Amino acid sequence: MKFQFKQQPYQADAVAAAVRVFAGQSCQEPPRYAGGEAGLYGADEDGGFANRSVELSDEQLLANIQAVQSENGIHGSHALKRGLGRCSLDIDMETGTGKTYVYIRTMFELNRRYGWSRFIVVVPSIAIREGVRKSMEITADHFMELYGKKARFFVYDSARLNQLDLFAGSPGINVMIINTQAFASSWKENGRSKEARIIYAGREEFCSRRPIDVIRACRPILILDEPQKMGGAVTRRALENFNPLFSLNYSATHREKHNLIYVLDALDAFQKRLVKKIEVKGLEVGGLRGADGYLYLEQILLSKSKPPQARIEMEIRRSGAIRRETRILGPGDSLYRKSGGMEQYKGLVLSEIDPARGTAVFTDGTKLRAGEAVGDVSPRDMRRIQIRETILSHFEKEEKLFNMGVKPLSLFFIDEVAKYRDYDAEGHAVLGEYGKIFEEEYKSIWKERLRPEDTPYQRYLRTVCGDAAAAHAGYFSIDKRTGRSIDSRPGRGSEFSDDVSAYDLILKDKERLLSFSEPTRFLFSHSALREGWDNPNVFQICTLKDSDSQTAKRQEVGRGLRLCVNQNGDRMDSESCGEAVHEINVLTVIASESYRSFAAALQSDIREALYDRRPAAAQAYFKGKSILAGDHPIRINEGMAGRIEKYLLQNGYIDAACQVTDIYREAAARHALAPLPGELNALAEGIHALVAAMDEDALEGMIGDGRETKLWENPLNENFENFRPLWEQLRHTYAYTISFDSRELIRKAAAHLNQKLQVAKPQYRAVTGRQKAEGDRSFERGKTQVRALEYGKNSRTAYDLVGRIAGGAALTRRTAAAILQGLLPEKLALFRNNPEEFIARAVPKVLEIKAALAAEGIAYHPLTDTYDSAVFTQGMPRSLEGAYRAKKAVQDYVFLDSARERRFAEDLDAAPEVLAYAKLPEQISIPTPVGGYTPDWAIVFQKKTGQLVFAVVETGSAGEVLEIPPVQAARFCCAKKFFSGMPGGKIRFCTAASVEELCSRMGLRE
């Protein structure tokens, strides 16, 4: 893969802001200085290049800065902030928007416009340093295409000082990347650390020169990446020794303020769809129902073929041990049965699932929200839940994104390295607690995701993703003395990973990490990756620790904000994805606290870092701002600003306090904003961009609740009016009564059991193993004997056979006893051989007879209740995957269960006789004694005479229906009686394998 880079307008604006500050500066070749005169080189050396001085006066610089600020909607500076060099300029860019790209391009532009060619990028850590080096490397070809030249760059290394000679003496753009530890780290009372001292000392191997003197002579332009993390005054004093021409400060959270010239804050980035949307899956512990009774609601599951279900973790009894496992439950399911008879769940039944609110309600009144746990919940339980949730979320997104060529990554931040990687007595690295939990949960979820179909994603799962150990990697600081991974603390260890392959993969070889052929998809880190490193395809961030500040939260979340790329290196942005950019680019944070508290803290931190956008008055806010009219900037004067304020007030777009209202937000979302008056309408795009920038409340939309069940909208369309005559009949609800002779049930059930019941005897294998030879301890397989196992008279298990048959088949004990009395002696004797299998096989066969008799004697009676047409739009799937874009259906999209159904829908759309049709939702169910039955289709036909004909259809031929299991056949027979007994008898119920066959059977075609 090769990353592809586009010229983004907002990045070009940030570059232009820095370049225009020096408007009026002449462009000349960089001056050379003589080595001998400067005392820097030996007699045979030529000297070096230096940046030409800034020719502008302080007044000119301030005027330029104020002009740039006005164009960018920034409060004007009253004075020039010198800081480092002639001026210090702040560029405020949200994490993930490409500030590294911006300052690299700024170097090229400053070189093109003014001839400056010596730049030093200063970073606060090695992780950031390596990220910058990688960015310089992968953008080299891109900038070669734009500017026809490449920048020479290197990382400062005190062991390779010869690189400084090349930096000073080479023509063209030269860039040095240096981390603060190399010149300002660990300052002590008696001097600096050894590494930092080298840059200030004369070195014999460097011709007795001081490295700092070579740097000073170049008069470099300093680019400070994340200056707020560079140690404050200590680092600033050290940077003054570099003799900088001026400095550019790039960050999303500036601590020390200088002359601000460009702002792209978190809200701007979100509104312009330049970063991922954030969703939070928070975890919380609810009120305890007792010492035990553990329950955790993972997720509400929606399906086009099933009613809503709940994925619940609970305690399960297995072979005398109790384990916590997940089960998928629906309303009416008994937790006592599902748990294998755990007393803590006795009488507890799942009574209700609300997918819209993401809740499950139990019969004891307990109400769980997705992500909530009750009962005996320990911190270790919560960590396991977080890890599982991260893996689940990863697999869900992975399958969705696979066909787009996007490989998602998940990032874990942990509180202690030993919990992921520990060491045994011999010093060998072993998995810690979190590593073990990860592999256990990964294996389980991976197996769940496997399906029999041979799709590209399923092949990817089987061939690349099956090894849990290869799926994850760790990146931690190391102790230089022991070489072991350690917790990152100030003054300890290094930020280099001890796992060289992981270090190369994570920091140096991003392309390989994003390839589908690379199995690593989950990354664990302590704090070395908290800042400076990011990858566009991080889609899940799990904090297996409690962040000690909101800043830490924001730093961690920032690792995944960048928009993702596909296998070709193309960014999945608005240009390539359109309106779907925030459907594809969603960063999920799995937090160890509730969604509400995490989101509130994160929003508060982001709000504090937002550029001041709340105006005291709308007119004052707009006055002096510059917006584009085509390619030309237009400055808003006082009169224009007054007319804009009046327009906003008249339309209810701002309130009396000049704050943006919901009326404006809703109109903007519908693209239904009122036109601006007169000539202002030609400037509408720029004006509304300024209005949106006023709206801090838009921050609420940045962070969503990942626990909310996302119901996809598929509303009824205009075809529903043609369908309405049939719907008026289908919408009524019915009850049924049945009558049959119990003596006939007893006789037929006993005969059916005597004919069909087969019960296998339990068996066990006895294998004889023989020693291979005298003195040889190994054995070879010998004779195998299969023996039957019979239950003896002294069996400890007592069975209520009559009760079990009666309960399973919903009969009275008298009827069940009569059926058993009608069995042949040899059939009844099968019970002794294997009681459990006897009951398991007998009950369904009794039900088959009962269903057939019930279908013959059923009668339906209308009720006063009716269905609402909203049943068609309830419980929609989460995405359009597998949906068919219909023409005559009552909804734009139809979700189908098979290729046969899809062909049937396509033929319905093509058939001229079909006026409208619907795929019936499960909520519209015909009640039968053996469960509800929902046919496939409801269709309105129109004859040539204009007469309407109605049909309810099961996809399949009549022969196939005869071959289905007896219980299903009984449901089908009940449906026939249901429709034939409806008033007027206008609805024809039938089966058809094709639309052509259906039309012929309906008499619509000859």
# chains A, B, ... in the order shown; residues from 1 in each chain; ligands from 1
call {"tool": "residues_around", "arguments": {"residues": "Glu71 in chain A", "least_positions_apart": "3", "cutoff": "9 Å", "atoms": "only C-alpha atoms", "output": "ChimeraX atom specification"}}
result
/A:66-68,74,624-627,633-635
call {"tool": "residues_around", "arguments": {"residues": "Tyr442 in chain A", "least_positions_apart": "4", "cutoff": "9 Å", "atoms": "only C-alpha atoms", "output": "mmCIF file with N, CA and C atoms, in the first residue's frame"}}
result
data_model
loop_
_atom_site.group_PDB
_atom_site.id
_atom_site.type_symbol
_atom_site.label_atom_id
_atom_site.label_comp_id
_atom_site.auth_asym_id
_atom_site.auth_seq_id
_atom_site.Cartn_x
_atom_site.Cartn_y
_atom_site.Cartn_z
ATOM 1 N N ILE A 387 -12.664 -5.858 27.355
ATOM 2 C CA ILE A 387 -11.879 -6.528 26.314
ATOM 3 C C ILE A 387 -12.810 -7.241 25.342
ATOM 4 N N ARG A 388 -13.819 -7.922 25.890
ATOM 5 C CA ARG A 388 -14.763 -8.623 25.017
ATOM 6 C C ARG A 388 -15.523 -7.642 24.138
ATOM 7 N N ILE A 391 -13.395 -6.477 21.259
ATOM 8 C CA ILE A 391 -13.253 -7.503 20.218
ATOM 9 C C ILE A 391 -14.547 -7.629 19.418
ATOM 10 N N LEU A 392 -15.687 -7.622 20.107
ATOM 11 C CA LEU A 392 -16.982 -7.701 19.420
ATOM 12 C C LEU A 392 -17.160 -6.522 18.468
ATOM 13 N N ILE A 437 -6.705 -12.953 28.992
ATOM 14 C CA ILE A 437 -8.134 -12.698 28.783
ATOM 15 C C ILE A 437 -8.408 -12.404 27.316
ATOM 16 N N PHE A 438 -7.539 -11.598 26.706
ATOM 17 C CA PHE A 438 -7.742 -11.253 25.300
ATOM 18 C C PHE A 438 -7.787 -12.513 24.436
ATOM 19 N N TRP A 446 -14.146 -15.248 17.735
ATOM 20 C CA TRP A 446 -13.755 -15.623 16.366
ATOM 21 C C TRP A 446 -14.569 -16.822 15.888
ATOM 22 N N LYS A 447 -14.743 -17.818 16.752
ATOM 23 C CA LYS A 447 -15.541 -18.991 16.374
ATOM 24 C C LYS A 447 -16.986 -18.608 16.109
ATOM 25 N N ALA A 468 -5.025 -16.397 17.582
ATOM 26 C CA ALA A 468 -5.238 -15.340 18.578
ATOM 27 C C ALA A 468 -3.928 -14.676 18.972
ATOM 28 N N ALA A 471 -2.855 -12.039 16.515
ATOM 29 C CA ALA A 471 -3.800 -10.934 16.310
ATOM 30 C C ALA A 471 -3.456 -9.701 17.121
#
call {"tool": "closest_residue", "arguments": {"among": "A:Gly73, A:Gln4, A:Met1002, A:Gln923", "to": "Asp570 in chain A", "atoms": "only C-alpha atoms"}}
result
A:Gln4
call {"tool": "select_by_dssp", "arguments": {"residues": "range 114-250 of chain A", "states": "strand (DSSP E)", "output": "MDAnalysis selection string"}}
result
chainID A and resid 118:123 152:155 174:179 221:225 247:250
call {"tool": "residues_around", "arguments": {"residues": "Ser170 in chain A", "least_positions_apart": "2", "cutoff": "12 Å", "atoms": "only C-alpha atoms", "output": "mmCIF file with C-alpha atoms, in the first residue's frame"}}
result
data_model
loop_
_atom_site.group_PDB
_atom_site.id
_atom_site.type_symbol
_atom_site.label_atom_id
_atom_site.label_comp_id
_atom_site.auth_asym_id
_atom_site.auth_seq_id
_atom_site.Cartn_x
_atom_site.Cartn_y
_atom_site.Cartn_z
ATOM 1 C CA PRO A 30 20.175 31.619 1.233
ATOM 2 C CA ARG A 32 26.546 31.272 2.758
ATOM 3 C CA ASP A 46 33.523 25.843 2.379
ATOM 4 C CA GLY A 47 31.100 26.917 5.115
ATOM 5 C CA GLY A 48 27.344 26.503 5.248
ATOM 6 C CA PHE A 49 23.946 27.982 4.347
ATOM 7 C CA ALA A 50 21.816 30.127 6.637
ATOM 8 C CA SER A 117 15.584 26.373 3.598
ATOM 9 C CA ARG A 118 16.744 25.407 7.124
ATOM 10 C CA ALA A 151 13.446 17.859 1.298
ATOM 11 C CA ARG A 152 16.479 16.232 2.871
ATOM 12 C CA PHE A 153 15.542 15.180 6.405
ATOM 13 C CA GLN A 163 24.578 14.707 9.717
ATOM 14 C CA LEU A 164 24.802 18.280 11.007
ATOM 15 C CA ASP A 165 27.439 19.121 8.395
ATOM 16 C CA LEU A 166 25.080 17.942 5.689
ATOM 17 C CA PHE A 167 22.224 19.921 7.268
ATOM 18 C CA ALA A 168 24.319 23.112 7.200
ATOM 19 C CA GLY A 172 17.871 22.938 -0.951
ATOM 20 C CA ILE A 173 15.405 22.262 1.859
ATOM 21 C CA ASN A 174 17.014 20.618 4.890
ATOM 22 C CA VAL A 175 15.028 19.407 7.896
ATOM 23 C CA CYS A 218 22.002 28.235 10.150
#
call {"tool": "residues_around", "arguments": {"residues": "Leu260 in chain A", "least_positions_apart": "3", "cutoff": "7 Å", "atoms": "only C-alpha atoms", "output": "PyMOL selection string"}}
result
chain A and resi 89-91
call {"tool": "write_last_selection", "arguments": {"atoms": "C-alpha atoms", "output": "short mmCIF file (atom, residue, chain, number, x, y, z; two decimals), in the first residue's frame"}}
result
data_model
loop_
_atom_site.label_atom_id
_atom_site.label_comp_id
_atom_site.auth_asym_id
_atom_site.auth_seq_id
_atom_site.Cartn_x
_atom_site.Cartn_y
_atom_site.Cartn_z
CA LEU A 89 2.97 31.99 15.52
CA ASP A 90 0.32 29.55 16.79
CA ILE A 91 -1.55 27.22 14.43
#
call {"tool": "closest_residue", "arguments": {"among": "A:Ser597, A:Gln181, A:Asn241, A:Ser26", "to": "Arg219 in chain A", "atoms": "only C-alpha atoms"}}
result
A:Asn241
call {"tool": "residues_around", "arguments": {"residues": "Leu730 in chain A", "least_positions_apart": "4", "cutoff": "9 Å", "atoms": "only C-alpha atoms", "output": "MDAnalysis selection string"}}
result
chainID A and resid 726 866:867 924 938
call {"tool": "write_last_selection", "arguments": {"atoms": "C-alpha atoms", "output": "CSV table (one decimal), in the first residue's frame"}}
result
chain,number,residue,atom,x,y,z
A,726,LEU,CA,-55.4,-5.2,1.1
A,866,THR,CA,-55.7,-3.9,14.8
A,867,TYR,CA,-52.2,-3.6,13.6
A,924,ILE,CA,-48.1,-9.7,11.5
A,938,ALA,CA,-48.9,-9.8,0.5
